[in-house]
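Below is the file target20.txt, which contains compact mmCIF, C-alpha atoms.
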# COMPACT_ATOMS: atom_id res chain seq x y z
CA MET H 1 -25.18 17.07 3.76
CA LYS H 2 -21.50 17.47 2.96
CA SER H 3 -20.38 17.54 -0.61
CA ARG H 4 -17.89 14.96 -1.73
CA LEU H 5 -15.16 17.57 -2.08
CA GLU H 6 -15.87 18.81 1.45
CA LYS H 7 -15.36 15.25 2.70
CA LEU H 8 -11.99 15.20 0.98
CA LYS H 9 -11.03 18.52 2.54
CA GLU H 10 -11.81 17.17 6.02
CA THR H 11 -9.87 13.94 5.56
CA CYS H 12 -6.40 13.09 6.80
CA ILE H 13 -4.34 10.64 4.72
CA GLY H 14 -1.09 9.02 5.85
CA ILE H 15 1.77 8.29 3.48
CA ALA H 16 4.49 5.87 4.60
CA GLY H 17 7.49 6.62 2.41
CA CYS H 18 8.23 9.64 0.21
CA GLY H 19 10.01 8.03 -2.74
CA GLY H 20 8.60 7.35 -6.19
CA LEU H 21 5.19 6.21 -4.98
CA GLY H 22 4.85 8.48 -1.96
CA SER H 23 5.98 11.76 -3.51
CA ASN H 24 3.84 11.37 -6.64
CA CYS H 25 0.85 10.14 -4.65
CA ALA H 26 1.11 13.07 -2.21
CA MET H 27 1.15 15.60 -5.05
CA ALA H 28 -1.90 13.99 -6.68
CA LEU H 29 -3.83 13.99 -3.40
CA ALA H 30 -2.87 17.60 -2.66
CA ARG H 31 -4.02 18.72 -6.10
CA ALA H 32 -7.27 16.78 -5.71
CA GLY H 33 -8.01 18.67 -2.49
CA VAL H 34 -7.21 16.38 0.46
CA GLY H 35 -7.17 18.58 3.57
CA ARG H 36 -4.37 17.03 5.58
CA LEU H 37 -1.43 14.75 4.79
CA VAL H 38 0.84 12.96 7.25
CA ILE H 39 4.08 12.02 5.48
CA ALA H 40 6.98 9.96 6.84
CA ASP H 41 10.41 9.13 5.45
CA PHE H 42 13.98 9.05 6.79
CA ASP H 43 15.80 9.69 3.52
CA THR H 44 17.33 12.69 1.77
CA VAL H 45 16.83 13.65 -1.89
CA SER H 46 19.56 12.31 -4.17
CA ARG H 47 20.36 13.15 -7.77
CA GLU H 48 19.19 9.67 -8.90
CA ASN H 49 15.82 10.19 -7.18
CA LEU H 50 14.98 12.91 -9.71
CA GLU H 51 14.49 10.24 -12.37
CA ARG H 52 11.11 9.30 -10.94
CA GLN H 53 10.42 11.11 -7.67
CA TYR H 54 8.63 14.45 -7.28
CA PHE H 55 11.66 16.51 -6.30
CA PHE H 56 13.81 19.09 -8.07
CA LEU H 57 17.50 19.59 -8.69
CA ASP H 58 17.83 22.38 -6.12
CA GLN H 59 16.40 20.04 -3.46
CA VAL H 60 19.20 17.44 -3.69
CA GLY H 61 20.62 16.81 -0.22
CA ARG H 62 17.52 17.99 1.62
CA LYS H 63 15.26 15.81 3.74
CA LYS H 64 12.57 14.26 1.56
CA VAL H 65 9.74 15.08 3.96
CA GLU H 66 10.73 18.75 4.05
CA ALA H 67 11.23 19.03 0.29
CA LEU H 68 7.91 17.29 -0.36
CA ARG H 69 6.05 19.59 2.05
CA GLU H 70 7.50 22.53 0.16
CA ASN H 71 6.40 21.09 -3.22
CA ILE H 72 2.89 20.38 -1.94
CA GLY H 73 2.67 23.96 -0.65
CA ARG H 74 3.75 25.36 -4.01
CA SER H 75 0.87 23.58 -5.72
CA ASN H 76 -1.84 23.73 -3.03
CA PRO H 77 -0.99 25.86 0.01
CA GLY H 78 -4.30 24.92 1.63
CA VAL H 79 -3.11 21.41 2.53
CA ILE H 80 -1.91 20.88 6.10
CA VAL H 81 1.22 18.72 5.89
CA GLU H 82 2.55 16.98 8.99
CA ILE H 83 6.07 15.61 8.50
CA HIS H 84 7.93 12.81 10.29
CA ASP H 85 11.62 12.50 9.52
CA LEU H 86 12.28 8.95 10.69
CA ARG H 87 12.57 5.31 9.70
CA LEU H 88 9.13 3.82 10.33
CA GLY H 89 8.90 0.79 12.58
CA PRO H 90 6.08 -1.01 14.41
CA ASP H 91 6.62 1.24 17.45
CA GLU H 92 6.22 4.52 15.55
CA ILE H 93 3.34 3.68 13.21
CA PRO H 94 0.39 3.78 15.67
CA ALA H 95 1.09 7.29 16.99
CA ILE H 96 1.99 8.79 13.62
CA PHE H 97 -1.00 7.51 11.66
CA LYS H 98 -3.71 7.44 14.35
CA ASP H 99 -5.70 10.31 12.81
CA CYS H 100 -5.49 9.04 9.22
CA ARG H 101 -8.50 7.55 7.50
CA VAL H 102 -6.34 5.78 4.92
CA ILE H 103 -2.65 4.85 5.00
CA ILE H 104 -0.70 4.66 1.77
CA GLU H 105 2.09 2.08 1.78
CA ALA H 106 4.79 3.67 -0.37
CA VAL H 107 8.04 2.15 0.89
CA ASP H 108 10.71 0.49 -1.18
CA HIS H 109 11.46 -2.97 0.18
CA GLY H 110 9.14 -5.96 0.33
CA ASP H 111 9.89 -6.64 4.00
CA MET H 112 9.07 -3.01 4.91
CA LYS H 113 5.84 -3.25 2.90
CA ARG H 114 4.88 -6.33 4.90
CA MET H 115 5.77 -4.67 8.23
CA ILE H 116 3.58 -1.68 7.42
CA ILE H 117 0.63 -3.79 6.26
CA GLU H 118 0.90 -6.08 9.30
CA THR H 119 1.30 -3.26 11.82
CA VAL H 120 -1.54 -1.12 10.45
CA SER H 121 -3.87 -4.15 10.10
CA GLU H 122 -3.24 -5.09 13.73
CA CYS H 123 -3.30 -1.64 15.33
CA PHE H 124 -6.09 -0.19 13.20
CA PRO H 125 -8.19 -3.01 11.69
CA GLU H 126 -10.81 -0.45 10.61
CA LYS H 127 -8.40 1.71 8.60
CA PHE H 128 -7.84 1.25 4.90
CA ILE H 129 -4.37 0.52 3.53
CA VAL H 130 -3.53 1.22 -0.10
CA ALA H 131 -0.31 -0.57 -1.04
CA GLY H 132 1.81 -0.76 -4.18
CA SER H 133 3.26 -4.00 -5.51
CA GLY H 134 4.76 -4.61 -8.95
CA LEU H 135 5.66 -1.37 -10.72
CA ALA H 136 9.10 -1.87 -12.25
CA GLY H 137 9.88 -1.48 -15.95
CA TYR H 138 7.84 0.02 -18.74
CA GLY H 139 4.82 -0.86 -20.90
CA GLY H 140 2.27 -3.34 -19.65
CA ASN H 141 -0.37 -0.68 -19.11
CA ASN H 142 -3.18 -3.20 -18.97
CA ALA H 143 -1.41 -5.32 -16.34
CA LEU H 144 -1.75 -2.53 -13.77
CA SER H 145 -4.80 -2.95 -11.59
CA THR H 146 -6.19 -2.67 -8.08
CA ARG H 147 -7.29 -5.62 -5.96
CA ARG H 148 -9.29 -5.28 -2.74
CA LEU H 149 -8.79 -7.72 0.14
CA GLY H 150 -10.85 -6.57 3.10
CA ASN H 151 -9.46 -3.17 4.04
CA LEU H 152 -6.30 -3.66 2.00
CA PHE H 153 -6.01 -2.47 -1.58
CA ILE H 154 -3.08 -3.59 -3.73
CA CYS H 155 -2.17 -1.42 -6.74
CA GLY H 156 0.26 -2.57 -9.41
CA ASP H 157 0.77 -5.70 -11.49
CA GLU H 158 1.84 -7.84 -8.47
CA VAL H 159 4.55 -9.41 -10.65
CA SER H 160 7.22 -7.02 -11.93
CA GLU H 161 10.50 -7.22 -10.05
CA VAL H 162 13.21 -4.61 -10.44
CA SER H 163 15.99 -5.86 -12.74
CA GLU H 164 18.72 -4.43 -14.91
CA ALA H 165 16.50 -4.72 -17.98
CA ARG H 166 13.46 -3.41 -16.12
CA PRO H 167 14.48 -0.75 -13.61
CA LEU H 168 12.04 1.52 -11.84
CA MET H 169 11.02 4.18 -14.38
CA ALA H 170 9.06 7.38 -13.95
CA PRO H 171 5.89 6.64 -15.98
CA ARG H 172 5.02 3.28 -14.43
CA VAL H 173 5.93 4.38 -10.89
CA ALA H 174 3.78 7.50 -11.31
CA ALA H 175 0.97 5.41 -12.82
CA VAL H 176 0.83 3.18 -9.74
CA ALA H 177 1.09 6.22 -7.45
CA ALA H 178 -1.89 7.70 -9.32
CA LEU H 179 -3.82 4.42 -8.91
CA GLN H 180 -3.19 4.65 -5.17
CA ALA H 181 -4.33 8.29 -5.01
CA ASN H 182 -7.39 7.49 -7.13
CA GLN H 183 -8.30 4.65 -4.77
CA VAL H 184 -8.08 7.05 -1.82
CA LEU H 185 -10.54 9.40 -3.54
CA GLU H 186 -13.00 6.54 -4.01
CA ILE H 187 -12.70 5.48 -0.35
CA VAL H 188 -13.26 9.02 0.93
CA MET H 189 -15.68 10.52 -1.60
CA ASP H 190 -17.87 7.40 -1.87
CA ASP H 191 -17.54 6.65 1.87
CA LEU H 192 -16.55 3.02 1.38
CA ALA H 193 -17.44 0.95 4.44
CA PRO H 194 -14.50 -0.82 6.09
CA ALA H 195 -14.71 -4.59 6.26
CA ARG H 196 -14.77 -6.06 9.76
CA ALA H 197 -11.83 -8.27 10.64
CA ASP H 198 -13.72 -11.54 10.60
CA ASP H 199 -15.79 -10.86 7.52
CA ALA H 200 -15.16 -12.86 4.45
CA TRP H 201 -14.60 -10.19 1.87
CA GLU H 202 -16.36 -10.10 -1.41
CA GLU H 203 -15.57 -8.41 -4.67
CA MET W 204 -11.74 -29.68 0.50
CA LYS W 205 -12.43 -26.66 -1.65
CA ILE W 206 -11.05 -23.23 -0.85
CA CYS W 207 -11.11 -19.93 -2.67
CA LEU W 208 -7.50 -18.93 -3.32
CA ASN W 209 -6.90 -15.52 -4.89
CA ASN W 210 -10.44 -15.52 -6.27
CA ARG W 211 -10.10 -18.99 -7.82
CA GLU W 212 -11.75 -22.13 -6.50
CA VAL W 213 -9.11 -24.74 -5.70
CA SER W 214 -9.86 -28.39 -4.82
CA MET W 215 -7.38 -30.20 -2.62
CA ALA W 216 -7.18 -33.77 -1.31
CA GLY W 217 -7.38 -33.51 2.49
CA GLU W 218 -9.42 -31.99 5.31
CA SER W 219 -7.20 -29.10 6.31
CA PHE W 220 -3.78 -27.63 5.69
CA SER W 221 -1.60 -25.18 7.57
CA ILE W 222 -0.79 -21.97 5.76
CA ARG W 223 2.80 -23.17 5.43
CA GLU W 224 1.65 -26.44 3.78
CA LEU W 225 -0.71 -24.55 1.51
CA LEU W 226 1.99 -22.14 0.34
CA ASP W 227 4.36 -25.04 -0.33
CA LEU W 228 1.71 -27.03 -2.19
CA MET W 229 0.78 -24.04 -4.32
CA ARG W 230 4.49 -23.31 -4.88
CA PHE W 231 4.10 -19.80 -3.51
CA THR W 232 7.74 -19.46 -2.68
CA PHE W 233 8.12 -15.71 -3.03
CA PRO W 234 10.23 -14.31 -0.23
CA MET W 235 7.75 -11.59 0.67
CA ILE W 236 4.16 -12.58 0.94
CA VAL W 237 1.11 -11.45 2.91
CA VAL W 238 -1.61 -14.00 3.62
CA LYS W 239 -5.20 -13.27 4.55
CA VAL W 240 -7.69 -15.94 5.58
CA ASN W 241 -11.34 -14.85 5.46
CA GLY W 242 -10.18 -11.24 5.49
CA ARG W 243 -7.93 -11.62 8.53
CA LEU W 244 -4.19 -11.16 8.15
CA VAL W 245 -2.02 -14.10 9.22
CA ARG W 246 1.49 -13.22 10.41
CA LYS W 247 4.42 -15.24 9.14
CA GLU W 248 5.07 -16.63 12.65
CA GLU W 249 1.58 -18.16 12.56
CA TYR W 250 1.88 -20.02 9.25
CA GLU W 251 2.42 -23.36 11.01
CA ARG W 252 -0.39 -22.78 13.54
CA VAL W 253 -3.20 -21.43 11.34
CA PHE W 254 -5.16 -24.02 9.36
CA VAL W 255 -7.54 -23.60 6.45
CA GLY W 256 -10.37 -25.93 5.56
CA ASP W 257 -13.37 -26.30 3.29
CA GLY W 258 -14.99 -23.03 2.28
CA ASP W 259 -12.20 -20.75 3.48
CA ASN W 260 -11.25 -17.70 1.49
CA VAL W 261 -7.47 -17.34 1.20
CA ASP W 262 -5.52 -14.51 -0.37
CA ALA W 263 -1.78 -14.65 -0.88
CA ILE W 264 -0.33 -11.34 -1.96
CA HIS W 265 3.18 -11.09 -3.34
CA LEU W 266 4.85 -7.92 -2.09
CA ILE W 267 7.41 -6.84 -4.63
CA SER W 268 10.14 -4.35 -3.78
CA GLY W 269 9.99 -1.02 -5.54
CA GLY W 270 8.44 2.21 -4.42
Is it possible to express this structure as structure tokens?
Amino acid sequence: MKSRLEKLKETCIGIAGCGGLGSNCAMALARAGVGRLVIADFDTVSRENLERQYFFLDQVGRKKVEALRENIGRSNPGVIVEIHDLRLGPDEIPAIFKDCRVIIEAVDHGDMKRMIIETVSECFPEKFIVAGSGLAGYGGNNALSTRRLGNLFICGDEVSEVSEARPLMAPRVAAVAALQANQVLEIVMDDLAPARADDAWEE
Amino acid sequence: MKICLNNREVSMAGESFSIRELLDLMRFTFPMIVVKVNGRLVRKEEYERVFVGDGDNVDAIHLISGG
């Protein structure tokens, strides 16, 4: 019988996007002891990213996937990190995430979030997706929650849009990233059963 | 008909509605939304073709930019 931590060590988790959600979520999963991470992003680290993303000043200008792999290795060198430096589309997703038990949706724009959820749901109906929606601003601790719909989990308040008065800020972004990572631990360590496509889901 | 929409029971006058009609009726006008009917994801292109009726379980998730 495998221990719960052994299960974590043998699990591969995919992370689509290495910005505020993805970088913080990856670090939390690495520290918790996930054995393998597949991370994808096309972007480079900018000075502004340091306000809420898990990168450092000397990494500005570098590819996010490479910088994040380095940061993961500095905290837990036992994690195998597979990097994909590209803009994810429906054609790339199946090959990149085929070995992942859970896929974290951690991209920026709503239309990209939908593309990832739709593509993963269609290509891999048995895989879990943990998405983030509604994380801008500050305060509102008790509005943050996780909702399960079949094999899709939504973390966040599902309401907060980015605005001038409520920009993306480090604590709330990291809080939602931690909710996503925490949900992954529950899926893997408690062996949550995936819902079948036609099942009506229940709470 | 009665459906379960986002965990709430909703009564509507009529036998069935397309997803598009349902979203309009419920004033779900967010630009980015994901809809699941009985756990199955419905693509945006199918909103006119997929109908819900009595007893169906519908989830409409607002996907908000920011990540």
* Would you kindly identify which residues have an atom no farther than 12 Å from (-14.8, -25.7, -2.9), using all atoms listed in the file and the file's own coordinates, and write them out as a PyMOL selection string? => chain W and resi 204-208+210-216+218+256-261
* Excluding same-chain residues fewer than 5 positions from Pro194 in chain H, what lies within 12 Å of it counting all atoms listed in the file, as a ChimeraX atom specification? -> /H:101-102,121,124-129,148-153,187-188,199,201 /W:242
Taking C-alpha atoms for each residue, export the selection above as an mmCIF file, in the frame of the given file.
data_model
loop_
_atom_site.group_PDB
_atom_site.id
_atom_site.type_symbol
_atom_site.label_atom_id
_atom_site.label_comp_id
_atom_site.auth_asym_id
_atom_site.auth_seq_id
_atom_site.Cartn_x
_atom_site.Cartn_y
_atom_site.Cartn_z
ATOM 1 C CA ARG H 101 -8.500 7.550 7.500
ATOM 2 C CA VAL H 102 -6.340 5.780 4.920
ATOM 3 C CA SER H 121 -3.870 -4.150 10.100
ATOM 4 C CA PHE H 124 -6.090 -0.190 13.200
ATOM 5 C CA PRO H 125 -8.190 -3.010 11.690
ATOM 6 C CA GLU H 126 -10.810 -0.450 10.610
ATOM 7 C CA LYS H 127 -8.400 1.710 8.600
ATOM 8 C CA PHE H 128 -7.840 1.250 4.900
ATOM 9 C CA ILE H 129 -4.370 0.520 3.530
ATOM 10 C CA ARG H 148 -9.290 -5.280 -2.740
ATOM 11 C CA LEU H 149 -8.790 -7.720 0.140
ATOM 12 C CA GLY H 150 -10.850 -6.570 3.100
ATOM 13 C CA ASN H 151 -9.460 -3.170 4.040
ATOM 14 C CA LEU H 152 -6.300 -3.660 2.000
ATOM 15 C CA PHE H 153 -6.010 -2.470 -1.580
ATOM 16 C CA ILE H 187 -12.700 5.480 -0.350
ATOM 17 C CA VAL H 188 -13.260 9.020 0.930
ATOM 18 C CA ASP H 199 -15.790 -10.860 7.520
ATOM 19 C CA TRP H 201 -14.600 -10.190 1.870
ATOM 20 C CA GLY W 242 -10.180 -11.240 5.490
#
Hey, which bits of chain W sit within 10 Å of chain H, and for each residue what's the closest pair of atoms and how far apart in Å (one decimal), counting only C-alpha atoms, rows by chain and increasing number, as a Markdown table?
| residue | atom | partner | partner_atom | distance |
| --- | --- | --- | --- | --- |
| W:Asn209 | CA | H:Leu149 | CA | 9.5 |
| W:Asn210 | CA | H:Glu203 | CA | 8.9 |
| W:Pro234 | CA | H:Gly110 | CA | 8.4 |
| W:Met235 | CA | H:Gly110 | CA | 5.8 |
| W:Ile236 | CA | H:Arg114 | CA | 7.4 |
| W:Val237 | CA | H:Arg114 | CA | 6.7 |
| W:Lys239 | CA | H:Leu149 | CA | 7.9 |
| W:Val240 | CA | H:Ala200 | CA | 8.2 |
| W:Asn241 | CA | H:Ala200 | CA | 4.4 |
| W:Gly242 | CA | H:Gly150 | CA | 5.3 |
| W:Arg243 | CA | H:Ala197 | CA | 5.6 |
| W:Leu244 | CA | H:Glu118 | CA | 7.3 |
| W:Val245 | CA | H:Glu118 | CA | 8.5 |
| W:Arg246 | CA | H:Glu118 | CA | 7.2 |
| W:Lys247 | CA | H:Glu118 | CA | 9.8 |
| W:Asp259 | CA | H:Ala200 | CA | 8.5 |
| W:Asn260 | CA | H:Ala200 | CA | 6.9 |
| W:Val261 | CA | H:Ala200 | CA | 9.5 |
| W:Asp262 | CA | H:Leu149 | CA | 7.6 |
| W:Ala263 | CA | H:Leu149 | CA | 9.9 |
| W:Ile264 | CA | H:Glu158 | CA | 7.7 |
| W:His265 | CA | H:Glu158 | CA | 6.2 |
| W:Leu266 | CA | H:Gly110 | CA | 5.3 |
| W:Ile267 | CA | H:Ser133 | CA | 5.1 |
| W:Ser268 | CA | H:His109 | CA | 4.4 |
| W:Gly269 | CA | H:Asp108 | CA | 4.7 |
| W:Gly270 | CA | H:Asp108 | CA | 4.3 |
Write out as an mmCIF file with C-alpha atoms, in the frame of the given file each polymer residue whose atoms come within 10 Å of Gly78 in chain H, counting only C-alpha atoms; drop sequence neighbours fewer than 6 positions from it.
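part.cif, freshly written:
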data_model
loop_
_atom_site.group_PDB
_atom_site.id
_atom_site.type_symbol
_atom_site.label_atom_id
_atom_site.label_comp_id
_atom_site.auth_asym_id
_atom_site.auth_seq_id
_atom_site.Cartn_x
_atom_site.Cartn_y
_atom_site.Cartn_z
ATOM 1 C CA LYS H 9 -11.030 18.520 2.540
ATOM 2 C CA ALA H 30 -2.870 17.600 -2.660
ATOM 3 C CA ARG H 31 -4.020 18.720 -6.100
ATOM 4 C CA GLY H 33 -8.010 18.670 -2.490
ATOM 5 C CA VAL H 34 -7.210 16.380 0.460
ATOM 6 C CA GLY H 35 -7.170 18.580 3.570
ATOM 7 C CA ARG H 36 -4.370 17.030 5.580
ATOM 8 C CA ILE H 72 2.890 20.380 -1.940
#
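With all atoms listed in the file as the atoms that count, the residue of H:Ala143, H:Cys12, H:Val38, H:Ala170 with the shortest distance to Tyr54 in chain H is H:Ala170.
Across the model, the gap from CA of Ala178 in chain H to CA of Leu144 in chain H is 11.2 Å.
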* To do: Just the residues within 9 Å of Arg252 in chain W, please, counting all atoms listed in the file, with nothing from its chain fewer than 5 positions along; format it as a list in words.
  => Ser221, Ile222 and Arg223 of chain W
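Atom pair CA of Ala32 in chain H / CA of Leu185 in chain H has a distance of 8.4 Å (rounded to one decimal).
In this structure, CA of Leu50 in chain H sits 21.2 Å away from CA of His84 in chain H.
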